[in-house]
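So the structure is just underneath, and the comments pick up after that.
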Amino acid sequence: GSEVEGTLTALEVSQTVASMNVLITMCTQHTEVAALEMQQQLLCILGAPTVVLQMATCDDDQLCLKGLQLGCALLKGGNREVQDTMYEMLANPALEDKIRAFDGTPTNFVSQMRVRLRTAMVEIAERKTFLEVQDEMITVFRDDYAGVNTATLVALKEEIEKEFPQHSHVLDVLLLLQQLCEGHNNKLQDFLHVQTSAISNVDLVSEVYDFLARL
């Protein structure tokens, strides 16, 4: 992947998501540990960790999600080579340009993870309200729409039963952060707590704790 100036078109996002799905499938299709590690190593050599960081840093929800998912697939089982590669790119200021957000978002990886975690905190209350309203609508639907034709009923039911439109992808964020630190990787644990080479620090350890305390 290369850095893109300006806003991506819907087609460009769609094509990028499709390409990311191919990379994710290349990892997730393997169930045996040895085969998975071999595929992770190959993708690591080919530059997949760079793609993970470029995508996960995006404000675009679809691209960010695919970056998170590919990262989790590459790191599954605590792959130390992938961890070390990602640590080197994150901690080395000289490599900052290489891992800039694919969609041009003017932020870095740790700051984007903080945004996603804080968005998730807001979504806790929003999801609760959404589900309460949804329950009320389902009750009204059962009571008041008995005589409506089948096609309209199906359309209404689909609309009412839509899932909560969350944007934080918090489960994927938490899984990626956990996989980065898997196997007692103290270097990455410390980095996620304090970025010594950065102008401003983002304490993702505290951000995760704050999120979990809200649940």
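Ordered as shown in the structure tokens, chains take letters A, B, and onward, while each chain numbers its residues from 1 and ligands are numbered from 1 in the order shown.
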Which segment 70-147 of chain A residues have any atom within 12 Å of an atom of segment 163-185 of chain A, and for each, what is the nearest pair of atoms with distance in Å to one decimal, counting only C-alpha atoms, rows sorted by chain and number, as a Markdown table?
```
| residue | atom | partner | partner_atom | distance |
| --- | --- | --- | --- | --- |
| A:Leu70 | CA | A:Leu176 | CA | 9.3 |
| A:Gly71 | CA | A:Leu176 | CA | 6.4 |
| A:Cys72 | CA | A:Leu176 | CA | 5.2 |
| A:Ala73 | CA | A:Leu176 | CA | 9.0 |
| A:Leu74 | CA | A:Gln179 | CA | 9.2 |
| A:Leu75 | CA | A:Gln179 | CA | 5.8 |
| A:Lys76 | CA | A:Gln179 | CA | 6.5 |
| A:Gly77 | CA | A:Gln179 | CA | 7.5 |
| A:Gly78 | CA | A:Glu182 | CA | 4.9 |
| A:Asn79 | CA | A:Glu182 | CA | 8.3 |
| A:Arg80 | CA | A:Gly183 | CA | 8.2 |
| A:Glu81 | CA | A:Leu180 | CA | 10.8 |
| A:Val82 | CA | A:Leu180 | CA | 8.7 |
| A:Gln83 | CA | A:Leu180 | CA | 5.9 |
| A:Asp84 | CA | A:Leu180 | CA | 9.2 |
| A:Thr85 | CA | A:Leu180 | CA | 10.7 |
| A:Met86 | CA | A:Leu180 | CA | 8.4 |
| A:Tyr87 | CA | A:Leu180 | CA | 8.7 |
| A:Leu90 | CA | A:Leu180 | CA | 11.6 |
| A:Phe109 | CA | A:Val173 | CA | 11.1 |
| A:Val110 | CA | A:Leu177 | CA | 10.1 |
| A:Gln112 | CA | A:Val173 | CA | 10.0 |
| A:Met113 | CA | A:Val173 | CA | 6.8 |
| A:Arg114 | CA | A:Val173 | CA | 9.5 |
| A:Val115 | CA | A:Ser168 | CA | 8.0 |
| A:Arg116 | CA | A:Ser168 | CA | 4.6 |
| A:Leu117 | CA | A:Val170 | CA | 6.3 |
| A:Arg118 | CA | A:Ser168 | CA | 8.1 |
| A:Thr119 | CA | A:Ser168 | CA | 5.5 |
| A:Ala120 | CA | A:Ser168 | CA | 5.2 |
| A:Met121 | CA | A:Ser168 | CA | 8.9 |
| A:Val122 | CA | A:Ser168 | CA | 9.4 |
| A:Glu123 | CA | A:Gln166 | CA | 6.9 |
| A:Ile124 | CA | A:Gln166 | CA | 9.6 |
| A:Ala125 | CA | A:Gln166 | CA | 11.6 |
| A:Glu126 | CA | A:Phe164 | CA | 8.8 |
| A:Arg127 | CA | A:Phe164 | CA | 6.4 |
| A:Lys128 | CA | A:Phe164 | CA | 9.5 |
| A:Thr129 | CA | A:Phe164 | CA | 10.0 |
| A:Phe130 | CA | A:Phe164 | CA | 6.8 |
| A:Leu131 | CA | A:Phe164 | CA | 7.8 |
| A:Glu132 | CA | A:Phe164 | CA | 11.3 |
| A:Val133 | CA | A:Phe164 | CA | 11.2 |
| A:Gln134 | CA | A:Phe164 | CA | 9.6 |
```
Dump as CSV the rows for residues of segment 76-187 of chain A within 6 Å of segment 32-55 of chain A: closest atom pair and distance in Å with one decimal, only C-alpha atoms counted, ordered by chain and rising residue number.
```
residue,atom,partner,partner_atom,distance
A:Ile99,CA,A:Gln54,CA,5.0
A:Arg100,CA,A:Gln54,CA,5.5
A:Ala101,CA,A:Gln54,CA,4.4
A:Phe102,CA,A:Gln54,CA,5.1
```
With N, CA and C atoms retained, write the just-selected residues as a tab-separated table (two decimals), in the first residue's frame.
```
chain	number	residue	atom	x	y	z
A	99	ILE	N	4.48	4.62	7.89
A	99	ILE	CA	3.25	4.04	8.46
A	99	ILE	C	2.15	5.08	8.65
A	100	ARG	N	2.21	6.16	7.88
A	100	ARG	CA	1.13	7.15	7.93
A	100	ARG	C	-0.17	6.52	7.44
A	101	ALA	N	-1.29	7.06	7.92
A	101	ALA	CA	-2.61	6.52	7.57
A	101	ALA	C	-2.83	6.50	6.06
A	102	PHE	N	-3.35	5.39	5.57
A	102	PHE	CA	-3.57	5.19	4.14
A	102	PHE	C	-4.54	6.22	3.56
```
### Task
Enumerate as number ranges by chain all residues of segment 68-188 of chain A assigned to alpha helix (DSSP H) by DSSP on the backbone, naming them with the chain letters and numbers the document uses.
A: 68-75, 80-91, 109-144, 150-160, 170-181, 186-188
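Going from atom CA of Thr57 of chain A to atom CA of Thr31 of chain A covers 28.4 Å.
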### Query
atom CA of Glu158 of chain A and atom CA of Gln15 of chain A are how many Å apart?
27.4 Å
#### Entry: Pick from A:Arg142, A:Lys66, A:His30, A:His193, whichever lies nearest to Thr16 of chain A using only C-alpha atoms
A:Lys66
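Residues lying within 12 Å of Ser200 of chain A, counting only C-alpha atoms and ignoring same-chain neighbours fewer than 6 positions away, are A:Thr107, A:Asn108, A:Val110, A:Ser111, A:Val194.
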Output file for the selection above: N, CA and C atoms, as a short mmCIF file (atom, residue, chain, number, x, y, z; two decimals), in the first residue's frame:
```cif
data_model
loop_
_atom_site.label_atom_id
_atom_site.label_comp_id
_atom_site.auth_asym_id
_atom_site.auth_seq_id
_atom_site.Cartn_x
_atom_site.Cartn_y
_atom_site.Cartn_z
N THR A 107 -2.91 11.64 11.89
CA THR A 107 -2.67 11.17 13.25
C THR A 107 -1.78 9.94 13.18
N ASN A 108 -1.37 9.41 14.33
CA ASN A 108 -0.56 8.19 14.32
C ASN A 108 -1.35 7.02 14.91
N VAL A 110 -1.07 5.08 17.71
CA VAL A 110 -1.49 5.08 19.11
C VAL A 110 -2.60 6.10 19.36
N SER A 111 -2.53 7.25 18.68
CA SER A 111 -3.59 8.26 18.83
C SER A 111 -4.92 7.76 18.27
N VAL A 194 4.08 4.30 27.41
CA VAL A 194 4.84 5.55 27.23
C VAL A 194 5.63 5.48 25.92
#
```
### Task
For atom CA of Gln69 of chain A and atom CA of Glu161 of chain A, quote the distance in Å rounded to one decimal.
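Going from atom CA of Gln69 of chain A over to atom CA of Glu161 of chain A, I get 25.6 Å.
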### Message
as a list in words, please: the residues near Ala198 of chain A (cut-off 10 Å, only C-alpha atoms, same-chain neighbours under 2 positions excluded).
### Response
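Within the cut-off, the hits are Ala91, Asn92, Pro93, Val194, Gln195, Thr196, Ser200, Asn201 and Val202 of chain A.
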Would you put the residues from that selection into a file with N, CA, C and O atoms, as a CSV table (one decimal), in the first residue's frame?
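That gives us result.csv:
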```csv
chain,number,residue,atom,x,y,z
A,91,ALA,N,8.2,2.5,17.1
A,91,ALA,CA,9.1,3.2,18.1
A,91,ALA,C,10.2,4.0,17.4
A,91,ALA,O,10.8,4.8,18.0
A,92,ASN,N,10.4,3.8,16.1
A,92,ASN,CA,11.5,4.5,15.4
A,92,ASN,C,10.9,5.7,14.6
A,92,ASN,O,10.2,5.5,13.6
A,93,PRO,N,11.2,6.9,15.1
A,93,PRO,CA,10.7,8.1,14.5
A,93,PRO,C,11.1,8.2,13.0
A,93,PRO,O,10.4,8.8,12.2
A,194,VAL,N,4.1,4.3,27.4
A,194,VAL,CA,4.8,5.5,27.2
A,194,VAL,C,5.6,5.5,25.9
A,194,VAL,O,6.4,4.5,25.7
A,195,GLN,N,5.4,6.5,25.1
A,195,GLN,CA,6.2,6.6,23.8
A,195,GLN,C,7.3,7.6,24.1
A,195,GLN,O,7.1,8.8,23.9
A,196,THR,N,8.5,7.1,24.4
A,196,THR,CA,9.6,8.0,24.8
A,196,THR,C,10.1,8.9,23.7
A,196,THR,O,10.6,10.0,24.0
A,200,SER,N,4.3,14.1,22.1
A,200,SER,CA,3.2,13.9,23.1
A,200,SER,C,2.9,12.4,23.3
A,200,SER,O,3.0,11.6,22.4
A,201,ASN,N,2.7,12.1,24.6
A,201,ASN,CA,2.5,10.7,24.9
A,201,ASN,C,1.0,10.3,24.9
A,201,ASN,O,0.2,11.1,25.3
A,202,VAL,N,0.8,9.0,24.5
A,202,VAL,CA,-0.6,8.5,24.6
A,202,VAL,C,-0.5,7.2,25.5
A,202,VAL,O,0.2,6.3,25.1
```
